[in-house]
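Take a look at the structure set out below.
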Amino acid sequence: MWQEANWIGVPRSELEKWKILDGDLTGRFAYYRCEINVEEEVNLTIGITANSRYRLWINETPVLSGPCKGDLYRHYYDTVDVSKFLKKGKNSFVVQVLYNNAYTAVKQTDERAGIFGVFTPGGGHRLAVEGILVNRKGETIGDVTTGKADWRVWLDGSYYLKSGEVMANLGAVCEEIDFCKIPTDWKKADYDSSLWSRGVSLEPVRDEGYWDVVGILPRFIIKEREIPPLYENEEHFAAEIETSRQSRSGILESDKVEVPEKETRTILLDAGRIVNAYSRFVFRNGKGAKIKITYFERFINKEKEIRRDDAEQGIYEGITDQLTLSGETICFEPFWYRTFRFLAIEIRAGEQAVQLDAPVFRKTGYPLQVVSDVKAPENWVNELWEICVRTLGNCMMETYMDCPYYEQMQFPMDTRLQALFTYMVSGDTRLAKKALEDYHCSMIPDGLIHGKYPSAYTQIISTFSLHYIYMLQEYYWQTKDLSAVRKYFPDMDQILSYYDSKIGSDGLVGRLGYWEFVDWQPAWSDNAGMPEALRHGPSTIINLMYAYALECAAKLNETAGRAGMAEEYRMRKQEILQKIEALCWDEKREMYREGPGFEQYTCHAQAWAVLNDLPDLKRAKRMLRHAAEDGDVLKCTFSTAYEWFRACEQAGVYELTLRDLDGWIELPGKGCTCCPETPENSRSECHAWSALPMYEFIRCMAGVRAGEAGWESVKVVPHMNVAGLRGVTELTGTAVTPKGNVTFCYRQQEKEDGTKGWDYELTLPDGVNGELIAEDGAVLSLKEGENRYVL
């Protein structure tokens, strides 16, 4: 690939036509078209990329968007077989290109701030395509390669994308288009683009000449996409919403609605659940009409908490596109996908009536193949599983994302949990592997990684570098691919050295600098999620997180045969733990204080202490019970519940998590279709770190986990007695592993003495053995194939 193609760009005449200066191009679009005649059946595979983003249509059919998010040293391209989109006669290749220059904005919250996750090195609206059309005889009958084929371009200088309050942490995505000023049918196959300018041929996409020999890097360092392309499936809205203020238009039944001249109508549509999608709106007539399309996740009431779908008591606000119609038939498809459950379409007709066809949308996302499943007679299990799986899928695009509606950014804390959930539900490690490379590429000279990456704007969250280390150990445990993580060993050492450099005279890590985020605790709201203890000295939580990262690094180095490094890391870990024990243990409260001499207590500190094996088992049980039951102890939110659940499991008091689990069980009753950032007063209605119950069902309640790295054996540790406390008397399902699927069926039964027991049926993949650790601690062997124990 890329043997012949040149980059092409917008000629200066297009800028002069609009009186646009070079520095005023960010957030604007250029439309490229190439037409070719085909008189026989052909095959065509193309390579395509653009600066900064593109969306491709062939013969009016959307094909894909790209390129995959990268950075200054990784500009990705896509390879796609487009043969099925071709037809006999004239074929049109249409590409909409967005230029996204982060440096146009002074601050990332400016109106002209680029989309945060799109990071490119300047250079304007560029397009690169390479591909030849080949007939059944293998003969070349056409070429769409940029620099050779006749690609035409039209710069849209009528508007630029703007950022607003809702998009303050996403960048400019909203479109404000006056269709009287731009072509309305430029995507149609029969559109005449002969009057458009020819694309200017620039440098080769891949230059293997002298400059390459002497190590001069090109502006765009081309790399093939490392993950599968996103899927796009067309779907229909589930319902139209009617309230006492808003009557139904009947658009979904009649497939269209007409708004008479000088009248205003608002149409509320419900997709049935939160989706990421490209919506499609077709307007007919209506010259001068004003259209406002608002995409939102939930209805809100600023005076009280209501169900997410309560349109009667709620109002809506959100990301909004605004259009002015030209009177022609207009098909509007937002360039950047939108996240929504609900749509509000406000039509203000002018001197001419407006017709709107029933909108549809193309749901999009990473092609997550869900293999694992779980079912129970108790419906809350099935409902919660579905909600969690949907949440994870919605937070997977070209990267993992904290939430699809707002930031759309890959934060290490969120990503670590998403990767664990992905391993559990599908076994797919590709997006996690790319995330590790992303974080590696984000390392700053100080020795920390970015707090979100890829990103056009740098943010350092000093605690998040530790989650990167946890993720490396967990990736190895899932895959046993040491070669994949070995290249990141220097990253671990830099991060841990940075932490070591912050150890004060008391022997504990003190202030780290940057953002020392731990949890969105209401008690820490003035600190933006930073532990209050840091205002007075070291934080127990952060020191224990550091100790845990040292152990993860030690395990990896030990596996790699680097015994000396493993020993050093464990020595440093023990020094931290000894200081925590000496300075932070409160004998009276039987818990660790949140800092030496700082009288605040958190579930977080107790959980991290247990995960570090700091207290013995008896003390661990007591301190976790105190943490759960004492009213003044800060509890873990959805974001930090994973460590709390793991600590309770490790200490043998998993029943303490049931009260926390209620927060998720109640979500369907609140009208949630995904897991929100928080159960109440949530900003984001779909937040990846909140999908924890799906992990608990398979890895803890069913108890199916790896016994060795790479799943060379299976270790099954059910917690069905705890599940039984929430009424679960039967649990069946499948757990995917790299070696094949494990199926399980657990049924509660009454023993002869009147007590409750469990009938465990497990089927292991061929060639895999393991052990079942029963609820009473008995260790039983498992063999490949069917296994059954009645206990």
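Naming scheme: A, B, ... for chains in displayed order of the structure tokens; residues 1 onward per chain; ligands 1 onward as shown.
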
DSSP on the backbone: which residues in segment 343-464 of chain A end up as alpha helix (DSSP H)? Give the answer as a ChimeraX atom specification.
/A:379-394,412-425,430-441,464

Neighbours of Phe220 of chain A within 9 Å (only C-alpha atoms; same-chain residues fewer than 5 positions away dropped), as a ChimeraX atom specification?
/A:72-75,120-121,205-206

Where does segment 395-506 of chain A meet segment 331-346 of chain A within 9 Å, residue by residue, with the nearest atom pair and distance in Å to one decimal for each, counting only C-alpha atoms, listed by chain and rising number, as CSV?
residue,atom,partner,partner_atom,distance
A:Pro404,CA,A:Thr339,CA,6.2
A:Tyr405,CA,A:Thr339,CA,5.2
A:Tyr406,CA,A:Thr339,CA,8.8

Determine, counting only C-alpha atoms, which protein, DNA and RNA residues have an atom within 12 Å of an atom of Leu656 of chain A; residues of the same chain fewer than 4 positions away are not included. Present the result as a ChimeraX atom specification.
/A:603,621-629,635,641,644-652,660-662,722-723,725

What's the separation between atom CA of Leu764 of chain A and atom CA of Tyr366 of chain A, in Å to one decimal place?
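Atom CA of Tyr366 of chain A lies at a distance of 28.7 Å from atom CA of Leu764 of chain A.
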
Could you name the residues that touch Leu384 of chain A at 8 Å or less, counting only C-alpha atoms, but leaving out those on the same chain fewer than 3 positions away, as a ChimeraX atom specification?
/A:380-381,387-388,664-665,668,693-694

DSSP says strand (DSSP E or B) for which residues of segment 632-715 of chain A? Put them as a list in words?
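Those residues are Leu634, Val704, Arg705, Ala706, Ser713, Val714 and Lys715 of chain A.
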
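Closest approach to Gly117 of chain A from the set A:Gln410, A:Ser372, A:Asn43, A:Thr104 is made by A:Gln410, with distances taken over only C-alpha atoms.
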
Let me make sure I understand: among A:Ala358, A:Val425, A:Val200, A:Ile330, which one has the smallest atom-to-atom distance to Glu253 of chain A if we use only C-alpha atoms?
A:Ala358
